[in-house]
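**Student:** If you scroll down you'll find the structure; I have some questions about it.
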Amino acid sequence: MEIIKPGTNVNFIGHWKIACVFSGLMILVCLFSIFMHGGLKYGVDFAGGTEILIGFEKQVDIGEVKGVLEATGILNASVQESRTGDMTLMQVRTGVAVDSESGILPRLAGDLEDKTGIPAEILSVDIVGPQISQDLRSQAIFALFYTLLFIMVYISGRFEKKWLLSAGVAAIFVAVVYLLPRFLEGFFSLHLPVPIFILLAFIISLLVFWKLGMPYGIGASIALVHDVIITVGIFSILDIEFNLPILAAILTLVGYSLNDNIIIYDRIRENLASKEKKSFAELINKSINETLSRTILTTLTTALVVLALLFLGGGIIYYFSLAFLIGIIVGVYSTIYISCPFLLLWERRKGV
Amino acid sequence: MQERISVLKTVSWKFYLVCAAIIVSVVYMLPTFIPGIWPHKKINLGLDLQGGTHIVLEVQVDEALKNTLERRTYDLRDQLRKERIRYSSVRNLSDEVVSVRLVDAKDADAFIAFQKKEFPDLQGRKVTVGGEVEFHLSIPSEDKDNLRKMATEQALETIRNRIDQFGVSEPDIRIQGERRVVVQLPGVHDPERAKGLIGKTALLEFKIVDDTVEPSALQAGKAPPGTEILYEIQRDAFGKEIGKIPYAVRKRAAITGASLTDARVQIGGQFNEPYVALTFDQKGGRLFERVTAENVNKRLAIVLDNNVYSAPVINDRISGGSASITGRFTMEDARDLAIVLRAGALPAPVKIIEERTVGPTLGADSIEKGILALSVGCALVVLFMVVYYKVAGLIANLAFVLNVLFIGAALAACGATLTLPGIAGMALTLGMAVDGNVLVFERIREELRLGRSPAAAIHAGFDRASLTILDANLTSLIAALILFQFGTGPIKGFAVTLSFGLLSSMFTVLVVSRLVFDFLYGRQNTTTRISI
């Protein structure tokens, strides 16, 4: 059985202009959404505070629940209702970390039952103090930094076979993210958030790639950034909380998406080396078509598993799977319509 | 002929390796399904799967430093008196500095010698104020770090002792960073009692009550020098606070809980109610005897964590080294108090900065859902592989099943924890493992199309795909390692299963699948078509 007959030759590259416009729009929409929301909607892990999941055996009135919460001293809480199986779930969120020793929580289930007349059970409680949430935020940033660092190093080494350059890229990252902030603070008393330096390091590396003529490196990097922005952006548009599992999904995605790029780029190089008499665009198309079977199959099988997780996993697995699903679809798209056209543009510029 | 033998030889080597791997994995996996079958561990379940409480405590190490300096200050006064170096004042300039003002400036050298001999752990600075000489003593910074670390370690031990006596199965208590203690209590669904046990500083002090203080000053909270005002909290029958009684007590404790050797719950007294019976060590016993002898008819306040428990009148000297704490105790309260007194006081107060509790319902629910999702996902993929790749698909599925076995075994062998994201990670790697197979099969199909013989096609297919497979898995592996380094609890679990999964899938595709293929089609003289 074959999904893609051999010798298929869909003209993917031909549509690249439309695709780029589409991507550009998507990215703008995503960035706009993030901006409008005032940043990412941090979950309790990153923002600190309290999250309580309460299960009721039957339908309850949210108003009553809110009333009980206020009475027990949990103020300014947001309550979200959802259903699972035959239980009604109330997710209570407040920005303040409830004092662990205050004894509010043990009374809560009883109070709720008294007021609503329906048996309630505290399913889970997360209380995250400001120190911990701050730690988690900075750990997330470090994770991001190291991921980006390794990706850039890996790309420059693996694609361009310039391992010396990899060391150089690593040095750039370390210098910009670790030394520059200290320098700015020391001499100019300028204190900027760390993500800005990470972004700066990334841009500088791209410029280095550009200067040294490494289109594969740039193409892959841009595709990855494209994937991350759109995935995070869609979460922002859907107003979904950004928690640790989501971050994990995104970092895994980065690794996974890079695979895709590697496969196609390898094929392009293989075909280039065979010195066929074809235009570069035709060559790229051929490469994409040749790997199409594998791309679709892998994405399909991974998607099958992720869909199972999505529909049956429940709880945090739901959002994790959603992030991953969006990511792999966007990942495949970006490999074909971002990474490859970039090569094309590069060659055209260089007049090859 | 020679070729065939060497092919067989190679096949055998790989064959044994795979068999060994399978057997070892089964050995590691069995305890999870048949507990106690042999001493290997079963797979640890994370708190999100088995329910329980996770608490992170921050040890207020700077308080510990303050307390240490305070103790040294008391010792300083005593020793100065012994050495007959006259001082006009010994006082705290700040939390970190003690200043000693000498009456006679000529004693300065004597003081320096004295300090070097008796208090070498402090560093001193001589200051001349007016015509008088003052010495500022403080704890050196290098020592501060050490003391902070020791405070945290001591807190760890104390908490561990308390939890041991509380009776939780397989608690996990460890230090995190410089001053944090992470406590994981699986299966504990009522964290309140556990928190009460852990969080109590449990500093027990016996302080003499100063009855000469005017009631009005008492109410106003004004304490004469050398004393402090502490309160006894009055509770009604339901344990609710209804009032506070102030006591003026001497600041310096006559005896502390450090002198205790035992604390036990006994039943007795007027109403046959529970009380805590204390036993002092020899030195403490003698001290207790002396204090009671010197203070007959005065009240002795029993202070726990700066709250007065009770303040009975000392009728007579008490020898024998035992005392008791009575109060409105439930059996549970008394037991918990005995536990904390036995385990000792925390060197500094601890603050709970993170608490996560998963109830049993949610835990069981999560396992169920996770395993269901995993099974369904796998079933779908297995089905697909057979339909699309036929017998080759079956081979891929065999490798697939082995993956699950290997991942589980690796988890059990390393004592790693399986969390809900971990199950998702497993599912993910299984989906991604298919990628490896697909790469190989597609290459094989391509080679077949180019007209190669089955054996050559297989050979070429595996060879050319190997590098790409290693490559592709490597990037995901790097991501997993980073997540492991920077993630917490459940995310670490995810990173671990992801990593094991990636390594295992590389092994099964490159070694196991190839083995089976070679076995079925490897013989040079066959021209059977590969079912792929």
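Labels for the structure tokens follow display order: chains A, B, ..., residues from 1 in each chain, ligands from 1.
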For chain A, list the residues within 6 Å of chain B, counting only C-alpha atoms, and write the list as a short mmCIF file (atom, residue, chain, number, x, y, z; two decimals) with N, CA and C atoms, in the first residue's frame.
**Tutor:**
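Dumped to out29.cif:
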```cif
data_model
loop_
_atom_site.label_atom_id
_atom_site.label_comp_id
_atom_site.auth_asym_id
_atom_site.auth_seq_id
_atom_site.Cartn_x
_atom_site.Cartn_y
_atom_site.Cartn_z
N MET A 1 0.85 -1.20 0.00
CA MET A 1 0.00 0.00 0.00
C MET A 1 0.88 1.24 0.00
N LEU A 123 -9.78 17.48 44.48
CA LEU A 123 -9.02 16.52 43.68
C LEU A 123 -7.53 16.82 43.70
N SER A 124 -7.21 18.10 43.59
CA SER A 124 -5.79 18.43 43.65
C SER A 124 -5.62 19.88 44.05
N VAL A 125 -4.48 20.15 44.67
CA VAL A 125 -4.16 21.51 45.10
C VAL A 125 -2.74 21.83 44.67
N ASP A 126 -2.58 23.01 44.11
CA ASP A 126 -1.22 23.46 43.81
C ASP A 126 -1.04 24.83 44.42
N ILE A 127 -0.14 24.94 45.38
CA ILE A 127 0.15 26.25 45.94
C ILE A 127 1.60 26.57 45.61
N VAL A 128 1.80 27.60 44.84
CA VAL A 128 3.16 27.93 44.41
C VAL A 128 3.54 29.32 44.94
N GLY A 129 4.49 29.36 45.84
CA GLY A 129 4.93 30.63 46.40
C GLY A 129 5.73 31.42 45.38
N GLN A 139 14.20 29.04 35.28
CA GLN A 139 14.61 27.74 34.75
C GLN A 139 14.09 27.56 33.33
N ALA A 143 16.26 26.87 30.07
CA ALA A 143 15.97 25.74 29.19
C ALA A 143 15.89 26.24 27.76
N THR A 252 10.32 19.86 23.17
CA THR A 252 10.40 18.57 22.48
C THR A 252 10.14 18.77 21.00
N GLY A 255 13.05 19.90 18.93
CA GLY A 255 13.91 18.79 18.54
C GLY A 255 13.30 17.99 17.40
N TYR A 256 12.02 17.71 17.54
CA TYR A 256 11.32 16.91 16.55
C TYR A 256 11.26 17.60 15.20
N ASN A 259 14.32 17.55 13.06
CA ASN A 259 14.47 16.29 12.33
C ASN A 259 13.99 16.42 10.91
N THR A 298 5.40 9.62 8.99
CA THR A 298 5.86 9.91 10.34
C THR A 298 4.90 10.85 11.03
N THR A 301 1.71 8.88 11.92
CA THR A 301 1.78 7.97 13.06
C THR A 301 1.97 8.72 14.37
N THR A 302 2.82 9.74 14.35
CA THR A 302 2.97 10.52 15.58
C THR A 302 1.64 11.17 15.93
N VAL A 305 -0.82 8.85 17.68
CA VAL A 305 -0.55 8.71 19.11
C VAL A 305 -0.97 9.97 19.87
N ALA A 308 -4.66 10.20 20.28
CA ALA A 308 -5.13 9.32 21.35
C ALA A 308 -4.90 10.00 22.71
N LEU A 309 -3.71 10.59 22.88
CA LEU A 309 -3.42 11.29 24.12
C LEU A 309 -4.38 12.45 24.32
N LEU A 312 -8.02 11.00 25.05
CA LEU A 312 -8.19 10.08 26.17
C LEU A 312 -7.34 10.43 27.39
N GLY A 313 -6.36 11.30 27.19
CA GLY A 313 -5.41 11.52 28.28
C GLY A 313 -5.96 12.29 29.46
#
```
**Student:** Among range 95-137 of chain A, which ones does DSSP place in strand (DSSP E or B), written as a list in words?
**Tutor:** Ala120, Glu121, Ile122, Leu123, Ser124, Val125, Asp126, Ile127 and Val128 of chain A
**Student:** Fewer than 2 positions away in the same chain doesn't count, so skip those; otherwise give me all residues within 10 Å of Gly327 in chain B, counting only C-alpha atoms, as a VMD selection string.
**Tutor:** chain B and resid 273 to 276 309 to 310 324 to 325 329 to 330 334
**Student:** Go ahead and compute the interatomic distance for CA of Arg514 in chain B and CA of Ser274 in chain A, in Å to one decimal.
**Tutor:**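 For CA of Arg514 in chain B relative to CA of Ser274 in chain A, the distance reads 28.4 Å.
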**Student:** Can you work out which one of A:Phe35, A:Phe187, A:Tyr337, A:Phe142 has the shortest atom-to-atom distance to Gly219 in chain A, counting only C-alpha atoms?
**Tutor:**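 Among the listed residues, A:Tyr337 lies closest to Gly219 in chain A.
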**Student:** I'd like to know which of B:Ile242, B:Arg81, B:Ala253, B:Gly268 is closest to Thr227 in chain B, using only C-alpha atoms.
**Tutor:**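 Using only C-alpha atoms, the shortest distance to Thr227 in chain B belongs to B:Ala253.
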**Student:** Between CA of Ile328 in chain A and CA of Ile229 in chain A, what distance in Å does the model show, to one decimal?
**Tutor:**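 Computed distance, CA of Ile328 in chain A to CA of Ile229 in chain A, equals 13.2 Å.
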**Student:** Any idea what the distance is between CA of Pro246 in chain B and CA of Asn297 in chain B?
**Tutor:** 18.9 Å
**Student:** Using 10 Å as the limit and counting only C-alpha atoms, can you tabulate each residue of range 230-294 of chain A that touches range 14-32 of chain A, with its shortest atom-to-atom distance in Å and the two atoms involved, as CSV?
**Tutor:**
```
residue,atom,partner,partner_atom,distance
A:Ile230,CA,A:Ile27,CA,6.1
A:Thr231,CA,A:Cys30,CA,8.6
A:Val232,CA,A:Cys30,CA,7.8
A:Gly233,CA,A:Cys30,CA,4.2
A:Ile234,CA,A:Cys30,CA,6.5
A:Phe235,CA,A:Cys30,CA,8.9
A:Ser236,CA,A:Cys30,CA,7.4
A:Ile237,CA,A:Cys30,CA,7.1
A:Ala281,CA,A:Gly14,CA,8.2
A:Glu282,CA,A:Gly14,CA,9.4
A:Asn285,CA,A:Gly14,CA,8.7
```
